[in-house]
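A.B. asks: I'd like to ask some things about the structure below.
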Amino acid sequence: MANFYTDNSDLKFHLSHPLMQKIIALKEQDFKDYGVYDYAPANVEDALDSYDKVLEILGEITADVLAVNAEGVDHDGPVCEGGRVTYAAGTAENQRALTQAGVYGMSLPREYGGLNMSMVPYVMSAEIIGRGDAGFANIWGLQDCAETIHEFASEEIKKEFLPRINAGETCSMDLTEPDAGSDLQAVMLKAQWSEEKGMWLLNGVKRFITNGDAQIKLVLARSEEGTRDGRGLSYFVHDQQWGGVTVRRIENKLGIKGSPTCELVFKNAPAKLVGDRKLGLIKYVMSLMNGARLGVGAQSVGISEAAYREAYKYAQERRQFGKAIIEFPAVYEMLGVMKAKLQASRAILYETSRFVDMYKAYGFVSESRKLSPEERAEYKKYSRLADMFTPVLKMMASEYCNQNAYDAIQVHGGSGFMKEYPVERLYRDARITTIYEGTSQLQVVAAIRYVTTGAYLAQIREYEKVEVRPEFQSLKDMLIGMTDEFEKACAVISEIHDNEYLDFHARRLVEMAAHIIMSYLLLIDSQRSDDFISSAKIYIAKSQAWNRERYEYIVNFRPEDLQSFR
Amino acid sequence: MTKKVRIVVLAKQVPDTRNVGKDAMKEDGTVNRSALPAIFNPEDMNALEQALRIKDLLDDVEITLLTMGPGRAADIIREGLYRGADGGILLTDRKFAGADTLATSYALSQAIKKISPDIIIAGRQAIDGDTAQVGPQVAEKMGWPQITYAEEVLEVNDSKITIRRRLERGVETVTSPLPVLITVTATAAPCRPRHAKRLLKNKNARTMSELQAESLEQGNAYLIPEWGFNEIGGDEKSYGMSGSPTKVKKIENIILQAKESKILSSSDADIDMLVKELIASHTIG
């Protein structure tokens, strides 16, 4: 009876972050559900204990079922026949086990069958599942659609769809089309109101739809005839039972093979409008996308964890030249850096999740009463922090999970290249994470404005105010130096007043900020637990060198150098 | 369905003997319980799953988990509640201590008579003793038919049950009237996971003794009943040590070299042969 939650003390560490007290108090709104639902907590401590227990269930199922099935699922994959998708046997078993455990809809309110848990444990569940079977993490993570329905749909739609999530019905988020990938404004799938049916009818094609044969679908479609941009798009919910959607084919992919990626044909498929017309892309999808990016961040950390563990285990067992290979500097350096990247990714994952928790909780509180001016300010602050941290988290965690999967194979040597070891699967599964839900390049586009407005810098200066024990002062001094260097690099670029020049260096600047932020998080975590000290030391020293390289490149780069790349 | 079907699942808390280390046995040859984690006997988990499947099939089913043991065996009841049992009873009394299979089955059957179920489901055997005697002995004491080595409940209604048995040389499908006692093998379906809401609802379920020991309030949590001699009555001498004819003569550590078995019929001649062989090899007598 293995358990991917209890075997990883980092998770419990993040679950016990001091801010969780406030998050839970807000989320439970004075514990109003206690006594109304027999599984609702009585107080913060009780709620935290419940989080712990539910994650324990998830950790056990992931270790004993998902991780055991992962190889078979990767081999078999789903099949598409007669317009419908059948999961691989292992995927179906995973789904059954998680449904039987009643853990779907963990973040939904109790009135809709959920467990009303905050984002932090929900994101943790995605990380745990990602470690067991990265492909399954998508099917699990698509319950985010319920979150969107909960936030934006009418009460009628909420009552109709949300309780079904806990019963194990799956979701899909149907956005991409053959000619609308990164540029979703180009979506053409048509939505027309039918007086006769009293519903909207959807017609067109969607492509690369993860879990496209789901029972509950959220569809981005063009409801405003004659429009060509994002303002003509609305958001719809479609129930598989209403018919009209078939799967034309599923993709044959490099990794996450258990998760079916579908091409869908909509022929007069009935649908209901979610929220208001014309806000589909500009409001709802953007919100959904932030949630999805958090999900990919969690999935990435899960893959990183799996890769690190496999590499560490192998390096201890494998002997060459008369000793375990972990004894060689070339190998232990690799492992040390892998762990530092892993813990740094996890640190920003849960920091971001806490920000999301705070602003979402205030959002729901504000539905039942007016927020005080202080609360209003906090709501705004955390909402901005969440927006600002999400792209950095998504980019860094996904890039690191690829690097860790690469290094995990390297530690295995020739054996790692073979199917006998799980690292080659992790390597293939990792590859998509820097691509979907916005490529790393697009995360930079979302993040760069916070570089130019000085928002990252301001947050870094906030972290600088945190007191550290004397033995950590030298690490902090390094970070203060790196922050000054980052500020200078930003100044060099802004003096040029050229957008193309800024775009060219954008990734370097965002990464510099990211390294400093993640370094601070590890430093701060080291004050609460010794488990982070080695990673903090390794990561800060590496970050200093990585930032120096970027700094040198930026200050020595002349605008005319752009020509060489064209 | 016309009437409620009551099921009692017999479960035992056992030391986890599946991953034993050097300190698993004490000098005197008894199990060192402190070195081994206490777990829900694995085949009793399979038994619970079969009970839950009957509950899935029929409209009105009530599952009660019955376990005998010291106070900490309340963990077994909680585990059952997390996975779908409706209630549980902890059979605990100093008078029951030191029971062999005979005294155990006596205590269980006394408790079962009080619950008066339609079906009793138990694991085939527990991993600490491996006797596989308690289930059949309970059936005998109740005077009920028994179906051993059950692998799957195929059909059930309020008067009869059809079951597939896994035997040494194949499978057998049998039908029995209710009431009946069933013992389930490890090849049966594994138990479903803990259910999140059930766990959160029952995580504070305690026996009265536990509440007192932990100085807790019951609140709205389930109070696990504790039954002792006073609750189930019967012949005091049949419980515990005094009701246990089994005496341990000697314990040896052995390493199994080969797995061999003999197939015997139930004819008197075969049994006579076996007894003579066992006496000759000083296994009994």
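Lettering and numbering for the structure tokens are positional, with chains as A, B, ... in the shown order, residues counted from 1 in each chain, and ligands counted from 1 in the shown order.
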Skipping near chain neighbours, those fewer than 5 positions away, what residues fall within 12 Å of Arg318 of chain A using only C-alpha atoms, listed as a list in words?

C.D. replies: Glu310, Ala311, Tyr312, Lys313, Lys323, Ala324, Ile325, Ile326, Glu327, Phe328, Val331, Val411, His412, Gly413 and Ser415 of chain A

A.B. asks: Give the residues of chain A that lie within 10 Å of chain B; count only C-alpha atoms, and format the answer as a ChimeraX atom specification.

C.D. replies: /A:35,37-41,46-47,49-51,53-58,60-61,96-104,106,113-115

A.B. asks: Just the selected residues (N, CA and C atoms), exported as a CSV table (one decimal), in the first residue's frame, please.

C.D. replies:
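As a result, part-v4.csv now contains:
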chain,number,residue,atom,x,y,z
A,35,GLY,N,-22.9,21.0,10.5
A,35,GLY,CA,-24.2,20.6,11.0
A,35,GLY,C,-25.2,20.5,9.9
A,37,TYR,N,-24.2,19.7,6.6
A,37,TYR,CA,-23.7,18.5,5.9
A,37,TYR,C,-22.8,17.7,6.9
A,38,ASP,N,-23.1,16.4,7.0
A,38,ASP,CA,-22.4,15.7,8.0
A,38,ASP,C,-20.9,15.5,7.8
A,39,TYR,N,-20.4,15.9,6.6
A,39,TYR,CA,-19.0,15.8,6.4
A,39,TYR,C,-18.3,17.2,6.4
A,40,ALA,N,-19.0,18.2,6.8
A,40,ALA,CA,-18.4,19.6,6.8
A,40,ALA,C,-17.6,19.8,8.1
A,41,PRO,N,-16.5,20.6,8.0
A,41,PRO,CA,-15.7,20.7,9.2
A,41,PRO,C,-16.2,21.8,10.1
A,46,ASP,N,-10.1,21.2,11.9
A,46,ASP,CA,-10.9,20.1,11.4
A,46,ASP,C,-10.8,20.1,9.9
A,47,ALA,N,-10.9,21.3,9.3
A,47,ALA,CA,-10.8,21.4,7.8
A,47,ALA,C,-9.5,20.9,7.3
A,49,ASP,N,-7.5,18.9,8.7
A,49,ASP,CA,-7.4,17.4,8.9
A,49,ASP,C,-8.2,16.7,7.8
A,50,SER,N,-9.3,17.3,7.4
A,50,SER,CA,-10.0,16.7,6.3
A,50,SER,C,-9.3,16.8,5.0
A,51,TYR,N,-8.6,17.9,4.7
A,51,TYR,CA,-7.8,18.1,3.5
A,51,TYR,C,-6.7,16.9,3.5
A,53,LYS,N,-6.8,14.1,5.0
A,53,LYS,CA,-7.4,12.7,4.9
A,53,LYS,C,-7.8,12.5,3.4
A,54,VAL,N,-8.4,13.5,2.8
A,54,VAL,CA,-8.8,13.3,1.4
A,54,VAL,C,-7.6,13.1,0.5
A,55,LEU,N,-6.5,13.9,0.8
A,55,LEU,CA,-5.3,13.7,-0.1
A,55,LEU,C,-4.7,12.3,0.2
A,56,GLU,N,-4.9,11.8,1.4
A,56,GLU,CA,-4.4,10.5,1.7
A,56,GLU,C,-5.1,9.4,0.8
A,57,ILE,N,-6.4,9.6,0.6
A,57,ILE,CA,-7.1,8.7,-0.2
A,57,ILE,C,-6.6,8.8,-1.7
A,58,LEU,N,-6.4,10.0,-2.1
A,58,LEU,CA,-5.9,10.3,-3.5
A,58,LEU,C,-4.5,9.7,-3.7
A,60,GLU,N,-3.2,7.3,-2.1
A,60,GLU,CA,-3.2,5.8,-2.1
A,60,GLU,C,-3.7,5.3,-3.5
A,61,ILE,N,-4.8,5.8,-4.0
A,61,ILE,CA,-5.3,5.4,-5.2
A,61,ILE,C,-4.2,5.6,-6.3
A,96,ARG,N,-12.8,4.8,-12.5
A,96,ARG,CA,-13.7,4.1,-11.6
A,96,ARG,C,-13.3,4.3,-10.1
A,97,ALA,N,-11.9,4.1,-9.9
A,97,ALA,CA,-11.4,4.1,-8.5
A,97,ALA,C,-11.6,5.5,-7.9
A,98,LEU,N,-11.3,6.5,-8.7
A,98,LEU,CA,-11.5,7.9,-8.2
A,98,LEU,C,-12.9,8.3,-8.0
A,99,THR,N,-13.8,7.8,-8.9
A,99,THR,CA,-15.2,8.0,-8.7
A,99,THR,C,-15.7,7.4,-7.4
A,100,GLN,N,-15.3,6.1,-7.3
A,100,GLN,CA,-15.8,5.3,-6.1
A,100,GLN,C,-15.3,6.0,-4.8
A,101,ALA,N,-14.2,6.7,-4.9
A,101,ALA,CA,-13.7,7.4,-3.7
A,101,ALA,C,-14.3,8.7,-3.4
A,102,GLY,N,-15.2,9.1,-4.4
A,102,GLY,CA,-16.0,10.4,-4.2
A,102,GLY,C,-15.1,11.6,-4.1
A,103,VAL,N,-14.0,11.6,-4.8
A,103,VAL,CA,-13.1,12.8,-4.7
A,103,VAL,C,-13.3,13.7,-5.8
A,104,TYR,N,-14.0,13.4,-6.9
A,104,TYR,CA,-14.3,14.3,-7.9
A,104,TYR,C,-15.1,15.5,-7.4
A,106,MET,N,-13.7,18.0,-5.7
A,106,MET,CA,-13.3,18.4,-4.4
A,106,MET,C,-13.4,19.9,-4.1
A,113,GLY,N,-22.6,18.8,-4.4
A,113,GLY,CA,-22.0,17.5,-4.2
A,113,GLY,C,-20.5,17.5,-4.0
A,114,GLY,N,-19.9,18.7,-3.9
A,114,GLY,CA,-18.4,18.8,-3.7
A,114,GLY,C,-18.0,18.7,-2.3
A,115,LEU,N,-16.7,18.9,-2.1
A,115,LEU,CA,-16.1,18.8,-0.7
A,115,LEU,C,-15.7,20.2,-0.3

A.B. asks: Residues near segment 70-87 of chain A, anyone? I mean within 6 Å using only C-alpha atoms, not counting same-chain ones fewer than 4 positions away, as a PyMOL selection string.

C.D. replies: chain A and resi 66+91-92+133+246-248+257-258

A.B. asks: At a cut-off of 10 Å, using only C-alpha atoms, what residues contact Glu210 of chain B? Leave out same-chain residues fewer than 5 positions from it and give the result as a list in words.

C.D. replies: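 Contacts, in chain order: Gly71, Arg72, Ala74, Ala205, Ser215, Leu216, Leu223 and Ile224 of chain B.
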
A.B. asks: Between atom CA of Asp52 of chain A and atom CA of Gln13 of chain B, what is the distance in Å, rounded to a tenth?

C.D. replies: 24.0 Å

A.B. asks: Counting only C-alpha atoms, what is within 7 Å of Leu426 of chain A, bar same-chain residues fewer than 5 positions away, as a VMD selection string?

C.D. replies: chain A and resid 303 307 405

A.B. asks: Need to verify the contact set: Asp276 of chain A, 9 Å, only C-alpha atoms, exclusion of same-chain residues closer than 5 positions in sequence. Can you return it as a list in words?

C.D. replies: Phe152, Ala153, Ser234 and Tyr235 of chain A
